[in-house]
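Listing of protein.tsv; format and content: TSV, C-alpha atoms.
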```tsv
chain	number	residue	atom	x	y	z
N	28	MET	CA	116.42	179.70	35.41
N	29	ASP	CA	117.78	183.13	36.21
N	30	PRO	CA	121.40	183.19	34.96
N	31	ASN	CA	122.26	185.56	37.80
N	32	ASN	CA	120.94	183.12	40.36
N	33	PRO	CA	122.24	179.57	39.77
N	34	ASN	CA	120.64	178.41	43.01
N	35	PRO	CA	117.37	176.57	42.18
N	36	TYR	CA	116.10	176.89	45.74
N	37	GLN	CA	116.51	180.44	47.01
N	38	GLN	CA	116.83	184.08	46.14
N	39	PRO	CA	120.34	185.59	46.01
N	40	ASP	CA	121.84	186.24	49.42
N	41	PRO	CA	123.18	189.80	49.63
N	42	GLN	CA	125.73	188.72	52.21
N	43	PRO	CA	128.94	187.13	50.83
N	44	GLN	CA	129.49	183.51	51.78
N	45	GLN	CA	132.57	181.32	51.75
N	46	PRO	CA	132.90	179.67	48.32
N	47	THR	CA	132.40	175.94	48.03
N	48	VAL	CA	134.79	173.60	46.26
N	49	TYR	CA	132.67	174.19	43.17
N	50	GLY	CA	133.17	177.96	43.17
N	51	GLN	CA	129.63	178.71	44.37
N	52	ALA	CA	128.19	179.51	47.76
N	53	PRO	CA	126.34	176.67	49.51
N	54	GLN	CA	122.82	176.29	48.20
N	55	GLN	CA	120.06	176.52	50.79
N	56	PRO	CA	116.82	174.72	49.91
N	57	VAL	CA	113.51	176.50	50.31
N	58	ALA	CA	110.02	175.12	50.98
N	59	ASN	CA	106.85	177.15	50.37
N	60	GLY	CA	108.96	180.18	49.61
N	61	GLN	CA	110.65	180.17	53.02
N	62	PRO	CA	114.30	179.20	53.70
N	63	VAL	CA	114.70	176.05	55.77
N	64	ALA	CA	117.53	175.03	58.07
N	65	PRO	CA	120.24	173.87	55.65
N	66	ASN	CA	121.73	171.20	57.89
N	67	HIS	CA	119.14	168.43	58.24
N	68	PHE	CA	117.02	166.70	55.62
N	69	TYR	CA	115.23	163.38	55.32
N	70	ILE	CA	114.71	161.11	52.31
N	71	SER	CA	112.11	158.36	51.98
N	72	GLN	CA	110.87	156.14	49.20
N	73	ASP	CA	107.46	156.60	47.57
N	74	PHE	CA	106.77	153.33	45.78
N	75	LYS	CA	104.91	153.62	42.49
N	76	PHE	CA	104.53	150.79	39.97
N	77	GLY	CA	107.16	151.00	37.25
N	78	ARG	CA	108.84	154.05	38.74
N	79	GLU	CA	111.18	154.66	41.64
N	80	SER	CA	110.41	157.83	43.56
N	81	PHE	CA	112.00	159.50	46.59
N	82	SER	CA	110.84	162.51	48.60
N	83	VAL	CA	113.24	164.84	50.42
N	84	THR	CA	111.89	166.96	53.27
N	85	ASP	CA	113.23	169.10	56.11
N	86	GLY	CA	111.00	167.13	58.47
N	87	GLN	CA	107.91	169.21	57.71
N	88	ASN	CA	108.19	170.78	54.26
N	89	LEU	CA	108.73	169.04	50.94
N	90	ILE	CA	112.08	170.06	49.42
N	91	CYS	CA	112.11	167.96	46.25
N	92	VAL	CA	110.94	164.71	44.64
N	93	ALA	CA	113.20	162.40	42.63
N	94	LYS	CA	111.74	160.12	39.97
N	95	ARG	CA	113.41	157.31	37.98
N	96	LYS	CA	112.06	154.76	35.52
N	97	ILE	CA	113.00	151.34	36.89
N	98	MET	CA	113.49	149.58	33.53
N	99	ALA	CA	115.49	152.37	31.85
N	100	VAL	CA	118.67	151.15	30.12
N	101	LYS	CA	120.69	154.09	31.44
N	102	GLU	CA	120.10	155.38	34.94
N	103	HIS	CA	118.49	158.81	34.86
N	104	MET	CA	116.63	160.66	37.60
N	105	ASP	CA	114.64	163.88	37.37
N	106	ILE	CA	114.33	165.91	40.57
N	107	TYR	CA	111.31	168.20	40.86
N	108	ARG	CA	110.22	170.84	43.33
N	109	ASP	CA	106.72	169.37	43.67
N	110	GLU	CA	104.88	166.04	43.69
N	111	ALA	CA	103.11	166.91	40.45
N	112	ALA	CA	106.50	167.13	38.70
N	113	THR	CA	105.75	170.53	37.17
N	114	GLN	CA	109.04	172.24	38.01
N	115	LEU	CA	112.33	170.48	37.29
N	116	ILE	CA	115.19	171.50	39.61
N	117	PHE	CA	118.07	169.22	38.58
N	118	THR	CA	118.87	165.84	37.05
N	119	ILE	CA	121.13	162.90	37.82
N	120	GLN	CA	122.39	161.03	34.75
N	121	GLN	CA	124.66	158.00	34.48
N	122	GLU	CA	127.23	159.14	31.95
N	123	ARG	CA	129.64	156.22	31.83
N	124	ALA	CA	129.70	152.68	33.14
N	125	MET	CA	133.21	151.27	32.93
N	126	ALA	CA	134.47	147.90	34.12
N	127	MET	CA	135.50	149.22	37.51
N	128	SER	CA	133.34	152.30	38.02
N	129	LYS	CA	130.16	154.23	37.26
N	130	ILE	CA	130.05	158.00	36.81
N	131	TYR	CA	126.94	160.11	37.42
N	132	ASP	CA	126.55	163.75	36.41
N	133	VAL	CA	124.42	166.21	38.36
N	134	ALA	CA	123.08	169.08	36.24
N	135	SER	CA	120.70	171.99	36.77
N	136	ALA	CA	117.37	172.15	34.96
N	137	ASP	CA	118.96	174.11	32.11
N	138	GLY	CA	121.70	171.49	31.66
N	139	GLN	CA	124.51	173.27	33.50
N	140	LYS	CA	126.77	170.69	35.13
N	141	MET	CA	127.00	171.09	38.90
N	142	GLY	CA	129.31	168.20	39.74
N	143	GLY	CA	128.98	164.45	40.00
N	144	PHE	CA	129.78	161.16	41.68
N	145	LYS	CA	131.91	158.15	40.79
N	146	LEU	CA	131.20	154.73	42.29
N	147	GLU	CA	134.40	152.66	42.52
N	148	ALA	CA	133.50	149.01	42.04
N	149	MET	CA	136.76	147.48	43.34
N	150	GLN	CA	136.73	149.59	46.49
N	151	SER	CA	133.02	148.83	46.92
N	152	MET	CA	133.39	145.05	47.23
N	153	MET	CA	133.55	145.18	51.03
N	154	LYS	CA	132.13	148.65	51.55
N	155	GLU	CA	130.89	151.37	49.25
N	156	HIS	CA	133.23	154.14	48.13
N	157	TRP	CA	132.17	157.12	46.03
N	158	ASP	CA	134.25	160.01	44.73
N	159	ILE	CA	132.62	163.44	44.80
N	160	LEU	CA	133.47	165.15	41.48
N	161	ASP	CA	133.65	168.79	40.43
N	162	THR	CA	132.33	170.08	37.12
N	163	ASN	CA	135.45	168.77	35.34
N	164	ASP	CA	135.13	165.27	36.87
N	165	ASN	CA	138.07	165.91	39.22
N	166	PRO	CA	137.75	164.23	42.64
N	167	VAL	CA	137.21	166.79	45.40
N	168	GLY	CA	135.89	164.52	48.15
N	169	VAL	CA	134.64	161.04	49.03
N	170	ILE	CA	131.61	159.26	50.43
N	171	ASP	CA	132.60	156.17	52.41
N	172	GLN	CA	130.37	153.55	53.96
N	173	ASP	CA	130.90	152.97	57.67
N	174	THR	CA	133.06	149.88	58.07
N	175	ASN	CA	131.16	148.40	61.03
N	176	THR	CA	127.71	148.56	59.46
N	177	ALA	CA	129.09	147.39	56.10
N	178	MET	CA	130.72	144.32	57.67
N	179	ALA	CA	127.58	143.56	59.66
N	180	GLY	CA	125.55	143.60	56.46
N	181	LYS	CA	128.02	141.31	54.69
N	182	ALA	CA	128.01	138.92	57.66
N	183	VAL	CA	124.21	138.70	57.60
N	184	ASP	CA	124.35	137.97	53.86
N	185	ILE	CA	126.82	135.12	54.46
N	186	VAL	CA	124.82	133.62	57.33
N	187	GLY	CA	121.60	133.93	55.35
N	188	GLY	CA	123.26	132.22	52.40
N	189	VAL	CA	124.57	129.33	54.49
N	190	LEU	CA	121.19	128.78	56.16
N	191	GLY	CA	119.49	129.01	52.79
N	192	GLY	CA	121.81	126.32	51.43
N	193	LEU	CA	121.14	124.03	54.40
N	194	PHE	CA	117.39	124.46	54.73
N	195	GLY	CA	116.25	126.10	51.52
N	196	GLY	CA	115.91	122.98	49.42
N	197	GLY	CA	117.31	122.87	45.89
N	198	GLY	CA	120.27	124.81	44.67
N	199	GLY	CA	122.70	123.68	47.34
N	200	ALA	CA	125.27	126.10	48.72
N	201	ALA	CA	125.32	128.24	45.58
N	202	GLY	CA	121.57	128.56	45.61
N	203	GLY	CA	121.61	129.38	49.29
N	204	MET	CA	124.20	132.11	48.84
N	205	ALA	CA	122.16	133.61	46.02
N	206	ALA	CA	119.03	133.53	48.17
N	207	GLY	CA	120.85	135.08	51.11
N	208	ASN	CA	122.43	137.86	49.07
N	209	GLY	CA	120.76	141.16	49.90
N	210	ILE	CA	119.39	140.22	53.33
N	211	GLY	CA	122.17	142.27	54.91
N	212	SER	CA	120.77	145.39	53.25
N	213	MET	CA	118.07	145.36	55.93
N	214	ILE	CA	120.71	146.51	58.42
N	215	PRO	CA	120.69	150.34	58.44
N	216	GLN	CA	123.89	151.65	56.88
N	217	THR	CA	125.85	154.85	57.55
N	218	PHE	CA	127.90	156.86	55.05
N	219	VAL	CA	130.18	159.84	55.67
N	220	ALA	CA	131.04	162.44	53.04
N	221	SER	CA	134.42	164.14	53.47
N	222	ILE	CA	136.15	167.00	51.67
N	223	ASN	CA	139.81	167.75	52.35
N	224	ASN	CA	139.75	164.88	54.86
N	225	GLN	CA	137.11	166.70	56.91
N	226	PRO	CA	133.60	165.22	57.39
N	227	VAL	CA	130.93	167.41	55.81
N	228	CYS	CA	127.83	165.19	55.77
N	229	ARG	CA	126.50	162.04	57.40
N	230	TYR	CA	123.96	159.85	55.62
N	231	HIS	CA	122.27	157.40	57.97
N	232	GLU	CA	119.59	154.88	57.00
N	233	GLN	CA	116.72	154.57	59.44
N	234	MET	CA	115.01	151.75	57.59
N	235	ASN	CA	115.59	149.59	54.52
N	236	ILE	CA	112.95	146.84	54.46
N	237	GLY	CA	111.12	145.91	51.28
N	238	VAL	CA	109.78	149.10	49.70
N	239	MET	CA	110.24	151.03	52.95
N	240	PHE	CA	113.34	153.20	52.99
N	241	LYS	CA	114.24	156.24	55.10
N	242	MET	CA	117.54	158.09	55.46
N	243	ASP	CA	118.75	161.09	57.46
N	244	ILE	CA	120.96	163.68	55.73
N	245	ASP	CA	123.01	165.64	58.27
N	246	PHE	CA	125.21	168.53	57.10
N	247	SER	CA	125.91	169.86	60.61
N	248	SER	CA	129.61	168.87	60.43
N	249	ASP	CA	130.04	171.15	57.39
N	250	THR	CA	130.77	174.23	59.50
N	251	ALA	CA	132.75	175.88	56.67
N	252	GLY	CA	129.95	175.35	54.15
N	253	VAL	CA	132.09	173.62	51.53
N	254	TYR	CA	129.64	170.87	50.49
N	255	ASP	CA	127.08	172.18	48.02
N	256	ARG	CA	123.68	171.28	49.49
N	257	THR	CA	122.10	170.35	46.17
N	258	LEU	CA	125.01	168.06	45.34
N	259	GLY	CA	124.82	166.58	48.83
N	260	ILE	CA	121.12	165.83	48.39
N	261	ALA	CA	121.88	164.31	44.97
N	262	GLY	CA	124.37	162.02	46.72
N	263	ALA	CA	121.67	160.90	49.14
N	264	ILE	CA	119.32	160.16	46.24
N	265	LEU	CA	121.99	158.02	44.56
N	266	LEU	CA	122.69	156.12	47.78
N	267	ALA	CA	118.97	155.53	48.34
N	268	SER	CA	118.40	154.41	44.76
N	269	LYS	CA	121.32	151.97	44.84
N	270	HIS	CA	120.24	150.47	48.13
N	271	MET	CA	116.68	149.97	46.93
N	272	SER	CA	117.79	148.37	43.66
N	273	GLN	CA	118.77	144.79	42.90
N	274	ASP	CA	122.37	145.98	42.55
N	275	ASN	CA	122.62	146.30	46.30
```
Rendering of file as structure tokens:
Amino acid sequence: MDPNNPNPYQQPDPQPQQPTVYGQAPQQPVANGQPVAPNHFYISQDFKFGRESFSVTDGQNLICVAKRKIMAVKEHMDIYRDEAATQLIFTIQQERAMAMSKIYDVASADGQKMGGFKLEAMQSMMKEHWDILDTNDNPVGVIDQDTNTAMAGKAVDIVGGVLGGLFGGGGGAAGGMAAGNGIGSMIPQTFVASINNQPVCRYHEQMNIGVMFKMDIDFSSDTAGVYDRTLGIAGAILLASKHMSQDN
């Protein structure tokens, strides 16, 4: 990586841009050597046995591919520029898992920390809440799950559990609740990232059924350019990975 160009996606822009909360200008992904519109991206799952994989595109061009070993003790994802995984762009690594939270670091290919995310377990019992972290692990923003879609998902889980207990045979109510847990994840969820109490990105699931997962990533509300695009895409990858895992 060129030390004078920390952006893994594009060549240096000669025009000054407004700094982000991380002290760098917003990063603008590039596909096939050409800049793409920095506001809209799409993430989908590519199921491969023993490995979780997600592709991020601008609708036409591949932006990056994220790969994670499913049975790894510590969550770690490598994000590459290409399907063949020949050029590493950045990584997502679970650094700490405490009783009430999980912290993930986002780092460039050469190991330079770019920021991170903290999942708050207590605040995530009814709906998900993530802190967006700077390079010193200081909170600079949040990602919150939409209350309406979160409650709808929980309601479906409860109904599915009750019906499972009544008609699912053995296990009784407890068995039914266990069987019903996770059904609500089939309801598409929405998440909003905010910095300084201003929305900067909207993550919206199109589909979450079985191994089929698709999500829109919309940065159009970030008119001041304060949400680093690479970090924002990393957030989408984390959301997608969590919602496709058994932890959901």
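Of the listed residues N:Ala251, N:Ala111, N:Ile130, N:Met141, the one whose atoms come nearest to Lys94 of chain N is N:Ala111, with distances taken using only C-alpha atoms.
Each of N:Asp132, N:Asp164, N:Glu79, N:Asp243 was compared to Lys269 of chain N using all atoms listed in the file, and N:Glu79 turns out to be the nearest.
Rounded to one decimal, atom CA of Ile90 of chain N and atom CA of Pro166 of chain N lie 27.2 Å from each other.
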Residue neighbourhood Ser248 of chain N, 12 Å, all atoms listed in the file, exclusion window fewer than 6 positions, as a PyMOL selection string
chain N and resi 65-67+219-222+225-230+254
Could you tell me how far atom CA of Asp85 of chain N sits from atom CA of Gly143 of chain N, in Å to one decimal place?
23.0 Å
Rounded to one decimal, what separation in Å do you get between atom CA of Gly86 of chain N and atom CA of Gly252 of chain N?
21.1 Å
Who sits within 10 Å of Asn165 of chain N, only C-alpha atoms, same chain under 6 positions skipped, as a VMD selection string:
chain N and resid 142 to 144 158 to 159
As a PyMOL selection string, please: the residues near Asp73 of chain N (cut-off 10 Å, all atoms listed in the file, same-chain neighbours under 6 positions excluded).
chain N and resi 79-82+92-94+238-240
Can you tell me which residues surround Phe117 of chain N at a distance of at most 7 Å, considering only C-alpha atoms, apart from same-chain residues fewer than 6 positions away, and format the answer as an MDAnalysis selection string?
chainID N and resid 105:106 134:136
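Counting all atoms listed in the file and comparing N:Ile214, N:Val167, N:Val133, N:Met127, the residue that lies closest to Glu147 of chain N is N:Met127.
For the set N:Ile260, N:Ile116, N:Leu160, N:Leu146, the residue with the smallest atom-to-atom gap to Gln172 of chain N is N:Leu146, counting all atoms listed in the file.
With distances restricted to all atoms listed in the file, N:Asp161 is the closest residue to Lys140 of chain N from N:Asp173, N:Glu122, N:Asp161, N:Asp249.
Considering the residues N:Asn163, N:Gln216, N:Thr84, N:Gln139 and counting only C-alpha atoms, Gln72 of chain N has its shortest atom-to-atom contact with N:Thr84.
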Draw an axis-aligned box over all listed atoms of segment 114-129 of chain N, pad each side with 4 Å, and write its centre and edge lengths in Å, one decimal, as AutoDock Vina command-line options.
```
--center_x 122.3 --center_y 160.1 --center_z 35.7 --size_x 34.5 --size_y 32.3 --size_z 15.8
```
